[in-house]
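Participant: Contents of work27.cif (mmCIF, C-alpha atoms and all ligand atoms) are given next:
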```cif
data_upload
loop_
_atom_site.label_atom_id
_atom_site.label_comp_id
_atom_site.auth_asym_id
_atom_site.auth_seq_id
_atom_site.Cartn_x
_atom_site.Cartn_y
_atom_site.Cartn_z
CA MET M 1 0.00 0.00 0.00
CA ASN M 2 1.59 3.21 -1.08
CA LEU M 3 0.94 6.05 1.24
CA PRO M 4 3.47 8.69 0.26
CA ALA M 5 2.13 11.77 -1.43
CA GLN M 6 4.33 11.13 -4.47
CA ALA M 7 2.46 7.96 -5.39
CA ILE M 8 0.10 8.71 -8.26
CA PRO M 9 -3.52 7.77 -7.55
CA VAL M 10 -5.13 5.40 -10.00
CA SER M 11 -8.91 5.26 -10.34
CA VAL M 12 -10.66 2.51 -12.22
CA LEU M 13 -13.86 3.50 -14.01
CA THR M 14 -15.99 0.54 -14.88
CA GLY M 15 -19.62 -0.20 -15.68
CA PHE M 16 -21.55 -2.26 -18.14
CA LEU M 17 -21.64 -1.61 -21.90
CA GLY M 18 -23.33 1.69 -22.64
CA SER M 19 -23.88 2.51 -18.98
CA GLY M 20 -22.35 5.96 -19.36
CA LYS M 21 -18.67 5.66 -18.42
CA THR M 22 -17.36 7.87 -21.20
CA THR M 23 -20.10 10.45 -20.74
CA LEU M 24 -19.32 10.70 -17.04
CA LEU M 25 -15.59 10.85 -17.60
CA ASN M 26 -15.87 13.57 -20.23
CA ARG M 27 -17.84 15.67 -17.82
CA LEU M 28 -15.49 15.05 -14.93
CA LEU M 29 -12.42 15.89 -17.01
CA LYS M 30 -13.66 19.45 -17.43
CA ASP M 31 -13.09 19.96 -13.72
CA PRO M 32 -9.72 21.66 -13.07
CA ALA M 33 -9.24 19.24 -10.17
CA LEU M 34 -8.69 16.58 -12.83
CA SER M 35 -6.11 18.47 -14.84
CA ASP M 36 -2.93 16.53 -15.51
CA THR M 37 -4.86 13.28 -15.57
CA ALA M 38 -3.83 10.51 -17.93
CA VAL M 39 -6.81 8.55 -19.15
CA ILE M 40 -6.31 5.02 -20.33
CA ILE M 41 -9.25 3.83 -22.33
CA ASN M 42 -9.62 0.23 -23.25
CA GLU M 43 -11.90 0.07 -26.26
CA PHE M 44 -12.92 -2.90 -28.30
CA GLY M 45 -11.86 -2.75 -31.91
CA ASP M 46 -9.40 0.11 -31.72
CA VAL M 47 -6.10 -0.54 -33.38
CA GLY M 48 -3.15 0.93 -31.65
CA ILE M 49 0.57 0.70 -31.64
CA ASP M 50 1.95 0.91 -28.21
CA HIS M 51 4.72 3.49 -28.55
CA LEU M 52 2.53 5.77 -30.61
CA LEU M 53 -0.16 5.57 -28.01
CA VAL M 54 2.14 6.28 -25.16
CA GLU M 55 3.42 9.36 -27.00
CA GLN M 56 -0.10 10.65 -27.08
CA SER M 57 -0.13 10.70 -23.34
CA SER M 58 1.18 14.25 -23.23
CA GLU M 59 -2.31 15.16 -24.35
CA GLY M 60 -3.69 13.06 -21.59
CA ILE M 61 -5.42 10.31 -23.52
CA ILE M 62 -4.11 6.84 -24.11
CA GLU M 63 -6.17 4.25 -25.83
CA LEU M 64 -5.25 0.65 -25.48
CA SER M 65 -5.50 -1.56 -28.53
CA ASP M 66 -8.40 -3.91 -28.95
CA GLY M 67 -9.23 -6.76 -26.66
CA CYS M 68 -10.52 -7.20 -23.22
CA LEU M 69 -8.56 -5.54 -20.48
CA CYS M 70 -9.04 -8.47 -18.19
CA CYS M 71 -7.24 -10.91 -20.46
CA THR M 72 -5.36 -10.05 -23.63
CA VAL M 73 -4.67 -6.41 -22.87
CA ARG M 74 -3.52 -6.99 -19.36
CA GLY M 75 0.15 -7.07 -20.25
CA GLU M 76 -0.31 -3.98 -22.31
CA LEU M 77 -1.93 -2.15 -19.45
CA VAL M 78 1.09 -2.83 -17.28
CA ASP M 79 3.39 -1.69 -20.12
CA THR M 80 1.34 1.43 -20.65
CA LEU M 81 1.43 2.31 -16.97
CA ALA M 82 5.15 1.58 -16.79
CA GLY M 83 5.68 3.75 -19.88
CA LEU M 84 3.84 6.62 -18.26
CA ILE M 85 5.90 6.40 -15.10
CA ASP M 86 9.07 6.25 -17.13
CA GLN M 87 8.10 9.33 -19.13
CA LEU M 88 7.33 11.18 -15.95
CA GLN M 89 10.61 10.20 -14.35
CA THR M 90 12.63 11.17 -17.43
CA GLY M 91 10.85 14.47 -17.77
CA ARG M 92 9.04 13.72 -21.01
CA ILE M 93 5.77 14.26 -19.21
CA LYS M 94 5.88 17.33 -17.02
CA ARG M 95 3.06 16.60 -14.67
CA LEU M 96 0.89 13.63 -13.97
CA LYS M 97 -1.39 13.95 -11.01
CA ARG M 98 -3.74 11.08 -11.61
CA ILE M 99 -4.48 8.10 -13.83
CA VAL M 100 -7.98 6.97 -14.73
CA ILE M 101 -8.42 3.60 -16.40
CA GLU M 102 -11.74 3.15 -18.15
CA THR M 103 -12.40 -0.54 -18.66
CA THR M 104 -14.53 -2.11 -21.34
CA GLY M 105 -18.07 -2.79 -20.30
CA LEU M 106 -17.55 -6.51 -20.10
CA ALA M 107 -14.36 -6.39 -18.09
CA ASP M 108 -13.94 -7.71 -14.62
CA PRO M 109 -12.23 -4.83 -12.79
CA ALA M 110 -10.21 -7.19 -10.59
CA PRO M 111 -7.28 -7.71 -12.99
CA VAL M 112 -6.99 -3.96 -13.50
CA LEU M 113 -6.66 -3.40 -9.77
CA GLN M 114 -4.26 -6.30 -9.54
CA ALA M 115 -2.09 -4.81 -12.27
CA VAL M 116 -1.56 -1.76 -10.08
CA MET M 117 -1.30 -3.29 -6.66
CA GLY M 118 0.40 -6.56 -7.46
CA HIS M 119 3.13 -5.35 -9.78
CA PRO M 120 6.45 -4.88 -8.01
CA VAL M 121 7.55 -1.86 -10.04
CA LEU M 122 4.23 -0.15 -10.61
CA MET M 123 3.24 -0.25 -7.00
CA GLN M 124 6.29 1.79 -6.06
CA ALA M 125 4.93 4.68 -8.08
CA LEU M 126 1.17 4.23 -8.04
CA ARG M 127 -1.53 3.83 -5.45
CA VAL M 128 -5.06 2.54 -5.92
CA ASP M 129 -7.51 5.34 -5.33
CA GLY M 130 -10.71 3.47 -5.97
CA VAL M 131 -13.22 1.90 -8.28
CA ILE M 132 -16.04 3.99 -9.74
CA THR M 133 -18.84 1.95 -11.30
CA THR M 134 -21.58 3.34 -13.52
CA VAL M 135 -24.99 1.66 -13.44
CA ASP M 136 -27.68 2.60 -15.93
CA ALA M 137 -30.98 3.50 -14.24
CA VAL M 138 -33.05 2.27 -17.17
CA ASN M 139 -31.32 -1.03 -17.97
CA GLY M 140 -29.40 -1.58 -14.75
CA MET M 141 -31.75 -4.12 -13.19
CA ALA M 142 -31.92 -6.27 -16.30
CA THR M 143 -28.17 -6.03 -16.77
CA LEU M 144 -27.54 -7.14 -13.19
CA ASP M 145 -29.96 -10.03 -13.71
CA ALA M 146 -28.27 -11.19 -16.86
CA HIS M 147 -24.58 -10.51 -16.36
CA MET M 148 -22.38 -11.60 -13.52
CA GLU M 149 -19.73 -9.09 -14.69
CA ALA M 150 -22.12 -6.25 -13.94
CA VAL M 151 -22.80 -7.62 -10.46
CA LYS M 152 -19.08 -7.89 -9.78
CA GLN M 153 -18.47 -4.38 -11.07
CA ALA M 154 -21.03 -3.06 -8.59
CA ALA M 155 -19.79 -5.28 -5.76
CA VAL M 156 -16.17 -4.08 -5.90
CA ALA M 157 -16.98 -0.39 -6.34
CA ASP M 158 -16.00 2.33 -3.92
CA ARG M 159 -18.40 4.71 -5.64
CA ILE M 160 -21.45 3.83 -7.73
CA VAL M 161 -22.84 6.37 -10.17
CA ILE M 162 -26.40 5.82 -11.36
CA THR M 163 -26.65 7.22 -14.88
CA LYS M 164 -29.71 8.06 -16.96
CA ALA M 165 -31.84 8.71 -13.89
CA ASP M 166 -32.86 11.87 -15.74
CA LEU M 167 -34.85 9.75 -18.21
CA PRO M 168 -38.51 9.40 -17.27
CA GLU M 169 -38.55 5.64 -17.88
CA SER M 170 -36.04 5.16 -15.08
CA ARG M 171 -38.27 6.61 -12.37
CA ASP M 172 -40.29 3.56 -11.35
CA GLY M 173 -37.35 1.27 -10.90
CA LEU M 174 -34.91 3.66 -9.31
CA GLY M 175 -35.77 2.89 -5.69
CA ASN M 176 -35.37 -0.84 -6.17
CA LEU M 177 -32.15 -0.39 -8.08
CA ARG M 178 -30.72 1.67 -5.24
CA LEU M 179 -31.79 -0.97 -2.71
CA ARG M 180 -30.23 -3.70 -4.75
CA LEU M 181 -26.95 -1.83 -5.14
CA SER M 182 -26.67 -1.02 -1.46
CA SER M 183 -27.41 -4.61 -0.59
CA LEU M 184 -24.72 -5.82 -2.99
CA ASN M 185 -22.22 -3.28 -1.76
CA PRO M 186 -23.10 -1.54 1.51
CA ALA M 187 -19.92 0.53 1.69
CA ALA M 188 -20.08 2.22 -1.71
CA ASP M 189 -21.55 5.70 -1.92
CA VAL M 190 -24.34 5.67 -4.49
CA ILE M 191 -24.88 8.93 -6.35
CA GLU M 192 -26.85 9.94 -9.43
CA ALA M 193 -24.88 11.29 -12.39
CA SER M 194 -27.38 14.11 -12.83
CA ASP M 195 -26.82 15.23 -9.26
CA SER M 196 -24.53 18.26 -9.19
CA ARG M 197 -22.70 16.60 -6.33
CA ALA M 198 -21.50 13.81 -8.64
CA ASN M 199 -18.21 15.63 -8.98
CA TYR M 200 -14.54 15.20 -8.35
CA ALA M 201 -14.85 15.41 -4.58
CA ALA M 202 -17.54 12.76 -4.44
CA LEU M 203 -15.94 10.27 -6.80
CA PHE M 204 -12.20 10.53 -6.30
CA GLU M 205 -9.89 10.34 -3.31
CA CYS M 206 -11.48 7.28 -1.79
CA GLY M 207 -8.20 5.46 -1.19
CA LEU M 208 -6.39 4.96 2.08
CA TYR M 209 -4.20 8.02 1.62
CA ASN M 210 -6.00 11.27 2.27
CA PRO M 211 -4.20 14.08 0.44
CA GLU M 212 -5.87 16.71 2.58
CA THR M 213 -4.52 15.38 5.85
CA LYS M 214 -1.47 13.85 4.14
CA SER M 215 -1.99 10.70 6.11
CA ALA M 216 -3.92 7.47 6.11
CA ASP M 217 -7.64 7.76 6.63
CA VAL M 218 -8.59 4.25 7.62
CA GLN M 219 -12.18 4.95 8.56
CA ARG M 220 -13.03 6.57 5.26
CA TRP M 221 -11.32 3.79 3.34
CA LEU M 222 -12.52 0.77 5.28
CA LYS M 223 -16.10 1.90 5.98
CA ALA M 224 -16.45 -1.02 8.34
CA GLU M 225 -19.63 0.41 9.92
CA ALA M 226 -21.46 0.05 6.63
CA PHE M 227 -20.71 -3.66 6.65
CA ASP M 228 -21.78 -3.96 10.28
CA GLN M 229 -25.18 -2.52 9.49
CA GLN M 230 -25.45 -4.95 6.65
CA ASP M 231 -24.43 -7.97 8.71
CA GLY M 232 -27.87 -8.30 10.27
CA HIS M 233 -29.51 -8.48 6.86
CA HIS M 234 -27.32 -11.30 5.75
CA HIS M 235 -27.74 -13.78 8.53
CA HIS M 236 -30.79 -15.36 7.03
CA HIS M 237 -28.72 -16.43 4.04
CA GLU M 238 -26.41 -18.56 6.00
CA HIS M 239 -28.74 -21.39 6.84
CA HIS M 240 -29.77 -22.08 3.32
CA ASP M 241 -26.63 -22.77 1.37
CA GLY M 242 -26.46 -19.26 0.05
CA HIS M 243 -30.04 -19.13 -1.17
CA ASP M 244 -32.06 -16.19 -0.16
CA ASN M 245 -35.24 -16.97 1.69
CA ASP M 246 -36.00 -13.65 3.21
CA HIS M 247 -39.42 -12.45 2.19
CA HIS M 248 -38.20 -8.87 1.89
CA HIS M 249 -35.75 -9.92 -0.75
CA HIS M 250 -37.72 -12.54 -2.59
CA ASP M 251 -36.75 -11.05 -5.93
CA VAL M 252 -33.01 -11.16 -5.32
CA ASN M 253 -31.33 -12.62 -8.32
CA ARG M 254 -29.15 -15.69 -8.01
CA HIS M 255 -26.15 -13.60 -9.07
CA ASP M 256 -26.62 -11.31 -6.09
CA ALA M 257 -27.13 -14.27 -3.79
CA SER M 258 -23.61 -15.43 -4.57
CA ILE M 259 -22.11 -12.13 -3.38
CA ARG M 260 -21.48 -11.54 0.32
CA SER M 261 -20.18 -8.48 2.09
CA PHE M 262 -19.27 -8.65 5.76
CA SER M 263 -16.76 -7.55 8.33
CA LEU M 264 -14.73 -9.48 10.87
CA LYS M 265 -13.34 -8.06 14.07
CA HIS M 266 -11.08 -9.07 16.89
CA ASP M 267 -10.16 -7.03 19.93
CA LYS M 268 -6.88 -8.66 20.88
CA PRO M 269 -3.52 -8.50 19.14
CA VAL M 270 -2.95 -11.30 16.64
CA PRO M 271 0.47 -12.96 16.22
CA PHE M 272 1.69 -12.09 12.75
CA ALA M 273 2.28 -15.72 11.75
CA ILE M 274 -1.28 -16.66 12.66
CA PHE M 275 -2.76 -13.84 10.65
CA GLU M 276 -0.51 -14.62 7.72
CA MET M 277 -1.58 -18.27 7.79
CA PHE M 278 -5.24 -17.31 7.84
CA LEU M 279 -4.83 -15.02 4.87
CA ASP M 280 -2.61 -17.43 2.95
CA LEU M 281 -5.09 -20.22 3.37
CA LEU M 282 -7.95 -18.04 2.23
CA ARG M 283 -5.98 -16.82 -0.77
CA SER M 284 -4.64 -20.15 -1.87
CA ALA M 285 -7.84 -22.12 -1.40
CA HIS M 286 -10.42 -19.48 -2.28
CA GLY M 287 -8.55 -16.61 -3.95
CA GLU M 288 -10.95 -16.40 -6.88
CA ARG M 289 -13.80 -15.92 -4.46
CA LEU M 290 -12.30 -12.89 -2.70
CA LEU M 291 -13.54 -9.98 -4.75
CA ARG M 292 -12.07 -7.45 -2.38
CA VAL M 293 -10.50 -7.62 1.07
CA LYS M 294 -9.42 -4.65 3.14
CA GLY M 295 -8.29 -4.59 6.71
CA ILE M 296 -6.46 -3.05 9.60
CA ILE M 297 -4.76 -5.55 11.88
CA GLU M 298 -3.41 -5.30 15.41
CA ILE M 299 -0.29 -7.40 15.26
CA ALA M 300 0.96 -8.83 18.56
CA GLU M 301 4.63 -8.13 17.79
CA ASP M 302 4.01 -4.43 17.10
CA PRO M 303 0.56 -3.55 18.40
CA ASP M 304 1.00 0.22 18.19
CA ARG M 305 1.58 0.25 14.45
CA PRO M 306 -1.38 -1.30 12.70
CA LEU M 307 -0.90 -3.40 9.62
CA VAL M 308 -3.05 -2.44 6.66
CA ILE M 309 -3.94 -4.99 4.02
CA HIS M 310 -5.71 -4.72 0.67
CA GLY M 311 -6.33 -7.57 -1.71
CA VAL M 312 -8.24 -8.40 -4.86
CA GLN M 313 -8.64 -12.13 -5.38
CA GLN M 314 -5.24 -13.81 -4.87
CA ILE M 315 -3.24 -10.64 -5.26
CA PHE M 316 -2.54 -8.63 -2.14
CA HIS M 317 -0.61 -5.45 -1.94
CA PRO M 318 2.38 -5.92 0.37
CA PRO M 319 1.04 -4.95 3.80
CA ALA M 320 1.72 -1.40 4.96
CA ARG M 321 2.46 -0.30 8.50
CA LEU M 322 0.81 2.84 9.78
CA ALA M 323 2.76 4.93 12.26
CA ALA M 324 -0.13 4.88 14.70
CA TRP M 325 -3.74 3.84 15.11
CA PRO M 326 -6.50 6.09 13.95
CA GLU M 327 -8.54 7.60 16.73
CA GLY M 328 -10.68 5.23 18.71
CA LYS M 329 -9.88 1.81 19.97
CA HIS M 330 -7.30 -0.55 18.63
CA GLU M 331 -9.21 -3.28 16.94
CA THR M 332 -8.56 -5.66 14.10
CA ARG M 333 -11.12 -5.09 11.37
CA LEU M 334 -11.40 -6.91 8.09
CA VAL M 335 -14.01 -6.19 5.44
CA MET M 336 -14.63 -8.65 2.66
CA ILE M 337 -16.70 -8.90 -0.46
CA THR M 338 -16.85 -12.49 -1.60
CA LYS M 339 -18.43 -14.53 -4.33
CA ASP M 340 -19.60 -18.06 -3.58
CA LEU M 341 -17.86 -17.94 -0.24
CA PRO M 342 -20.25 -17.79 2.68
CA GLU M 343 -19.67 -15.44 5.55
CA SER M 344 -20.08 -18.28 8.07
CA TYR M 345 -17.22 -20.22 6.49
CA VAL M 346 -14.81 -17.27 6.62
CA ARG M 347 -15.92 -16.45 10.15
CA GLN M 348 -15.29 -20.00 11.34
CA LEU M 349 -11.89 -20.02 9.71
CA PHE M 350 -11.01 -16.69 11.32
CA ASP M 351 -12.22 -17.87 14.72
CA ALA M 352 -10.32 -21.12 14.39
CA PHE M 353 -7.09 -19.29 13.62
CA LEU M 354 -7.62 -16.96 16.54
CA GLY M 355 -8.34 -19.87 18.82
CA ARG M 356 -11.96 -18.77 19.28
CA VAL M 357 -13.26 -22.26 18.73
CA GLN M 358 -16.87 -23.04 19.58
CA VAL M 359 -18.07 -26.48 20.63
CA ASP M 360 -19.72 -27.18 17.30
CA THR M 361 -17.11 -25.68 14.99
CA PRO M 362 -13.92 -27.17 13.62
CA ASP M 363 -10.56 -26.07 14.98
CA ARG M 364 -7.68 -24.75 12.93
CA VAL M 365 -6.22 -28.17 12.22
CA ALA M 366 -9.50 -29.50 10.88
CA LEU M 367 -9.86 -26.51 8.60
CA THR M 368 -6.30 -26.50 7.32
CA ASP M 369 -6.60 -30.22 6.62
CA ASN M 370 -9.51 -29.65 4.31
CA PRO M 371 -9.54 -26.02 3.35
CA LEU M 372 -11.55 -26.53 0.19
CA ALA M 373 -14.59 -27.77 1.97
CA ILE M 374 -17.25 -25.09 2.07
CA PRO M 375 -20.58 -26.44 3.19
CA GLY M 376 -23.06 -26.23 0.35
CA TYR M 377 -20.54 -25.25 -2.29
CA SER M 378 -18.51 -27.26 -4.71
CA ALA M 379 -14.76 -26.75 -4.68
CA LYS M 380 -14.77 -25.00 -8.05
CA GLY M 381 -17.00 -22.36 -9.46
N1 LIG M 401 -30.03 10.74 -20.66
C1 LIG M 401 -28.82 10.31 -20.33
N2 LIG M 401 -28.09 9.68 -21.25
C2 LIG M 401 -26.86 9.22 -20.89
C3 LIG M 401 -26.35 9.39 -19.57
N3 LIG M 401 -25.12 8.83 -19.51
C4 LIG M 401 -24.89 8.32 -20.73
N4 LIG M 401 -25.92 8.55 -21.57
C5 LIG M 401 -26.04 8.14 -22.98
O1 LIG M 401 -25.88 6.72 -23.02
C6 LIG M 401 -25.14 6.35 -24.18
C7 LIG M 401 -23.92 5.52 -23.76
O2 LIG M 401 -23.06 6.34 -22.99
P1 LIG M 401 -21.49 6.14 -22.96
O3 LIG M 401 -20.93 7.19 -22.07
O4 LIG M 401 -20.94 6.02 -24.32
O5 LIG M 401 -21.41 4.75 -22.24
P2 LIG M 401 -20.13 3.81 -21.99
O6 LIG M 401 -20.36 3.10 -20.72
O7 LIG M 401 -18.90 4.62 -22.09
O8 LIG M 401 -20.27 2.87 -23.23
P3 LIG M 401 -19.28 1.70 -23.75
O9 LIG M 401 -17.91 2.35 -23.81
O10 LIG M 401 -19.84 1.33 -25.06
O11 LIG M 401 -19.36 0.59 -22.76
C8 LIG M 401 -24.79 7.63 -24.89
O12 LIG M 401 -25.71 7.84 -25.92
C9 LIG M 401 -24.91 8.68 -23.83
O13 LIG M 401 -25.26 9.94 -24.36
C10 LIG M 401 -27.19 10.08 -18.61
O14 LIG M 401 -26.87 10.24 -17.43
N5 LIG M 401 -28.42 10.49 -19.05
#
```
As C-alpha cells, how would this structure be written, given the file I've shared?

Facilitator:
Amino acid sequence: MNLPAQAIPVSVLTGFLGSGKTTLLNRLLKDPALSDTAVIINEFGDVGIDHLLVEQSSEGIIELSDGCLCCTVRGELVDTLAGLIDQLQTGRIKRLKRIVIETTGLADPAPVLQAVMGHPVLMQALRVDGVITTVDAVNGMATLDAHMEAVKQAAVADRIVITKADLPESRDGLGNLRLRLSSLNPAADVIEASDSRANYAALFECGLYNPETKSADVQRWLKAEAFDQQDGHHHHHEHHDGHDNDHHHHDVNRHDASIRSFSLKHDKPVPFAIFEMFLDLLRSAHGERLLRVKGIIEIAEDPDRPLVIHGVQQIFHPPARLAAWPEGKHETRLVMITKDLPESYVRQLFDAFLGRVQVDTPDRVALTDNPLAIPGYSAKG
C-alpha cells in the first residue's frame, strides 16, 4: 500500500456496456481538479501501436488496442502504466497527477486493480484510489440479472454512479435499483450522475491516503460500519446454502445471492504468523472468491503500528504499516466482499485461527486439513 504523497492515484472507471462511463468521464475531465490526468481507455476494436499511443499521453489520452482488459490487454496495461511512469521520471511528461483507467463494459475490474497493486515496479509509483462503477438506471436491473460481470463491477466499487436517472422511464425502478446496489455493496456511496454533487470530490480520493490530511484515513477507506449494518440483513442467508429466503428480498437474483459483504473483528492482538496463515489459506484455497479484502490488523509483535492490508482475489498489496492507530480503539477489522464464499465459512476459519473455537465448529487443524470444503458449495465455481 503506497501512502506517500508522491504515489500517483489510479482510479478505475468501470460499468456495463453503454452505462455511461465515457459520458461521465468527459464531464469530470472538465473539472480543473482533474487536470494533468492521464486517461487510459480500453476500447474494443481500436487498433493501436503501443509506442505511438504512449506518446499521445502528453495530451492526456491513451487508448489501449483492442481486446478485453481483463485478459489479452492486461500485459499492455502494465506496459502502458510503466511507460507513463518512465516518461514522468525522465521528464518527457511534465506533470501527472492522476491516472484513470476506463475498462470495457464486459471487463472484470479485478485484474486492472491487480495490475496496479500486485506489480512490483508499478506499486512503487502508483496507489489505488478506488473503483467507480456506472450503473444505468433504465437497464441496470436487467443487466444485473443477466450478467455476472455487472454484479461484480457493482460489488467491488468504492463509488457507484447511477446514470440516466434523468430519463422518465427510469423513475419507477430507481428505488429498487438503489436498494439492490446497497445490498450488494453496503460501503459504496451511491450517487446519481445528474446530481450536481457527482463531482470530483464525491468520486475521487477514496483510497487509504488522504491528500488533505497527508496521512492514512482508515475509517473513510474501510467503511467497516457500513458492513456492520449490513451484517444483520445477511444472517438469514447462511442457513440455506447461500439461497435467499428472506421475504423482503424474494426477488433477489441468483447472481446477487452469490455475493457476500461482511466484516470481521477481533479485539486482541494477533500474532503475525497466525494472521498470515489465515490469509494465505484463504488466498490459496479461495482466492478467486475474494472480490475485495481490506483490513487493519493489530499485530501482537508491534501492536501500536497497525498493519493495513488490501487484496483483490489472490493478489494482495504488500502490507503497509501505519505509524499509529487512527482515533478510537485498537481493533482488528477486516471487510470482505466475496463470491460463492459464505460469511459463516470465513468467520469460522477466522475464529479457528484466533483460537476462538466453539463447541460445534472445527478447529484450525481440521480446517487446514480440508480447506476446500465449504458447506453447500462445490470446490470449483
Ligand atoms: N439521458 C442520459 N443519457 C446518458 C447518460 N449517460 C450516458 N448517456 C447516454 O448513453 C449512451 C452511452 O453512454 P457512454 O458514455 O458512451 O457509455 P459507456 O459506458 O462509455 O459505453 P461503452 O464504452 O460502449 O461501454 C450515450 O448515448 C450517452 O449519451 C445520462 O446520465 N443520461

Participant: Select from chain M every residue with an atom at most 10 Å from any atom of ligand LIG 401 (chain M), then for each give the shortest pair of atoms and their distance in Å to one decimal, using all atoms listed in the file, rows by chain and rising number, as JSON lines.

Facilitator:
```
{"residue": "M:Leu13", "atom": "CA", "partner": "M:LIG401", "partner_atom": "O6", "distance": 9.4}
{"residue": "M:Thr14", "atom": "CA", "partner": "M:LIG401", "partner_atom": "O6", "distance": 7.7}
{"residue": "M:Gly15", "atom": "CA", "partner": "M:LIG401", "partner_atom": "O6", "distance": 6.1}
{"residue": "M:Phe16", "atom": "CA", "partner": "M:LIG401", "partner_atom": "O11", "distance": 5.9}
{"residue": "M:Leu17", "atom": "CA", "partner": "M:LIG401", "partner_atom": "O11", "distance": 3.3}
{"residue": "M:Gly18", "atom": "CA", "partner": "M:LIG401", "partner_atom": "O8", "distance": 3.3}
{"residue": "M:Ser19", "atom": "CA", "partner": "M:LIG401", "partner_atom": "O6", "distance": 4.0}
{"residue": "M:Gly20", "atom": "CA", "partner": "M:LIG401", "partner_atom": "O5", "distance": 3.3}
{"residue": "M:Lys21", "atom": "CA", "partner": "M:LIG401", "partner_atom": "O7", "distance": 3.8}
{"residue": "M:Thr22", "atom": "CA", "partner": "M:LIG401", "partner_atom": "O7", "distance": 3.7}
{"residue": "M:Thr23", "atom": "CA", "partner": "M:LIG401", "partner_atom": "O3", "distance": 3.6}
{"residue": "M:Leu24", "atom": "CA", "partner": "M:LIG401", "partner_atom": "O3", "distance": 6.3}
{"residue": "M:Leu25", "atom": "CA", "partner": "M:LIG401", "partner_atom": "O3", "distance": 7.9}
{"residue": "M:Asn26", "atom": "CA", "partner": "M:LIG401", "partner_atom": "O3", "distance": 8.3}
{"residue": "M:Arg27", "atom": "CA", "partner": "M:LIG401", "partner_atom": "O3", "distance": 10.0}
{"residue": "M:Ile41", "atom": "CA", "partner": "M:LIG401", "partner_atom": "O9", "distance": 8.9}
{"residue": "M:Asn42", "atom": "CA", "partner": "M:LIG401", "partner_atom": "O9", "distance": 8.6}
{"residue": "M:Glu43", "atom": "CA", "partner": "M:LIG401", "partner_atom": "O9", "distance": 6.9}
{"residue": "M:Phe44", "atom": "CA", "partner": "M:LIG401", "partner_atom": "O9", "distance": 8.5}
{"residue": "M:Glu102", "atom": "CA", "partner": "M:LIG401", "partner_atom": "O7", "distance": 8.3}
{"residue": "M:Thr103", "atom": "CA", "partner": "M:LIG401", "partner_atom": "O9", "distance": 8.1}
{"residue": "M:Thr104", "atom": "CA", "partner": "M:LIG401", "partner_atom": "O11", "distance": 5.7}
{"residue": "M:Gly105", "atom": "CA", "partner": "M:LIG401", "partner_atom": "O11", "distance": 4.4}
{"residue": "M:Leu106", "atom": "CA", "partner": "M:LIG401", "partner_atom": "O11", "distance": 7.8}
{"residue": "M:Ala107", "atom": "CA", "partner": "M:LIG401", "partner_atom": "O11", "distance": 9.8}
{"residue": "M:Thr133", "atom": "CA", "partner": "M:LIG401", "partner_atom": "O6", "distance": 9.6}
{"residue": "M:Thr134", "atom": "CA", "partner": "M:LIG401", "partner_atom": "O6", "distance": 7.3}
{"residue": "M:Val135", "atom": "CA", "partner": "M:LIG401", "partner_atom": "O6", "distance": 8.7}
{"residue": "M:Asp136", "atom": "CA", "partner": "M:LIG401", "partner_atom": "N3", "distance": 7.6}
{"residue": "M:Ala137", "atom": "CA", "partner": "M:LIG401", "partner_atom": "O14", "distance": 8.5}
{"residue": "M:Val138", "atom": "CA", "partner": "M:LIG401", "partner_atom": "C1", "distance": 9.6}
{"residue": "M:Val161", "atom": "CA", "partner": "M:LIG401", "partner_atom": "O14", "distance": 9.2}
{"residue": "M:Ile162", "atom": "CA", "partner": "M:LIG401", "partner_atom": "O14", "distance": 7.5}
{"residue": "M:Thr163", "atom": "CA", "partner": "M:LIG401", "partner_atom": "O14", "distance": 4.0}
{"residue": "M:Lys164", "atom": "CA", "partner": "M:LIG401", "partner_atom": "N5", "distance": 3.5}
{"residue": "M:Ala165", "atom": "CA", "partner": "M:LIG401", "partner_atom": "O14", "distance": 6.3}
{"residue": "M:Asp166", "atom": "CA", "partner": "M:LIG401", "partner_atom": "N5", "distance": 5.7}
{"residue": "M:Leu167", "atom": "CA", "partner": "M:LIG401", "partner_atom": "N1", "distance": 5.5}
{"residue": "M:Pro168", "atom": "CA", "partner": "M:LIG401", "partner_atom": "N1", "distance": 9.2}
{"residue": "M:Ser170", "atom": "CA", "partner": "M:LIG401", "partner_atom": "N1", "distance": 9.9}
{"residue": "M:Glu192", "atom": "CA", "partner": "M:LIG401", "partner_atom": "O14", "distance": 8.0}
{"residue": "M:Ala193", "atom": "CA", "partner": "M:LIG401", "partner_atom": "O14", "distance": 5.5}
{"residue": "M:Ser194", "atom": "CA", "partner": "M:LIG401", "partner_atom": "O14", "distance": 6.0}
{"residue": "M:Asp195", "atom": "CA", "partner": "M:LIG401", "partner_atom": "O14", "distance": 9.6}
```

Participant: Around all the atoms of region 169-182 of chain M listed in the file, with 3 Å of room on each side, what axis-aligned box do you get, giving centre and edge lengths in Å to one decimal, as AutoDock Vina command-line options?

Facilitator:
```
--center_x -33.5 --center_y 1.5 --center_z -9.7 --size_x 19.6 --size_y 16.3 --size_z 22.4
```

Participant: Which distance in Å separates CA of Leu184 (chain M) and CA of Ala257 (chain M), to one decimal?

Facilitator: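 Atom-to-atom, CA of Leu184 (chain M) to CA of Ala257 (chain M), that is 8.8 Å.
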
Participant: Out of M:Glu149, M:Asp31, M:Asp340, M:Asp36, which residue has the shortest atom-to-atom distance to Leu96 (chain M) when counting all atoms listed in the file?

Facilitator: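 Using all atoms listed in the file, the shortest distance to Leu96 (chain M) belongs to M:Asp36.
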
Participant: To one decimal in Å, tell me the separation between CA of Asp79 (chain M) and CA of Gln313 (chain M).

Facilitator: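 We find that CA of Asp79 (chain M) and CA of Gln313 (chain M) lie 21.7 Å from each other.
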
Participant: Go ahead and compute the interatomic distance for CA of Ala150 (chain M) and CA of Gly311 (chain M), in Å to one decimal.

Facilitator: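 Going from CA of Ala150 (chain M) over to CA of Gly311 (chain M), I get 20.0 Å.
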
Participant: Would you please work out which residue, of M:His330, M:Arg356, M:Lys294, M:Arg127, is nearest to Asn210 (chain M) when using all atoms listed in the file?

Facilitator: M:Arg127

Participant: Ranking M:Ala352, M:Ile315, M:Val308, M:Ala146 by minimum distance to Asp217 (chain M) and counting all atoms listed in the file, which one comes first?

Facilitator: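 The answer is M:Val308, which sits nearest to Asp217 (chain M).
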
Participant: With distances taken over all atoms listed in the file, which residue among M:Lys265, M:Arg305, M:His310, M:Arg180 lies nearest Val151 (chain M)?

Facilitator: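 Nearest to Val151 (chain M): M:Arg180.
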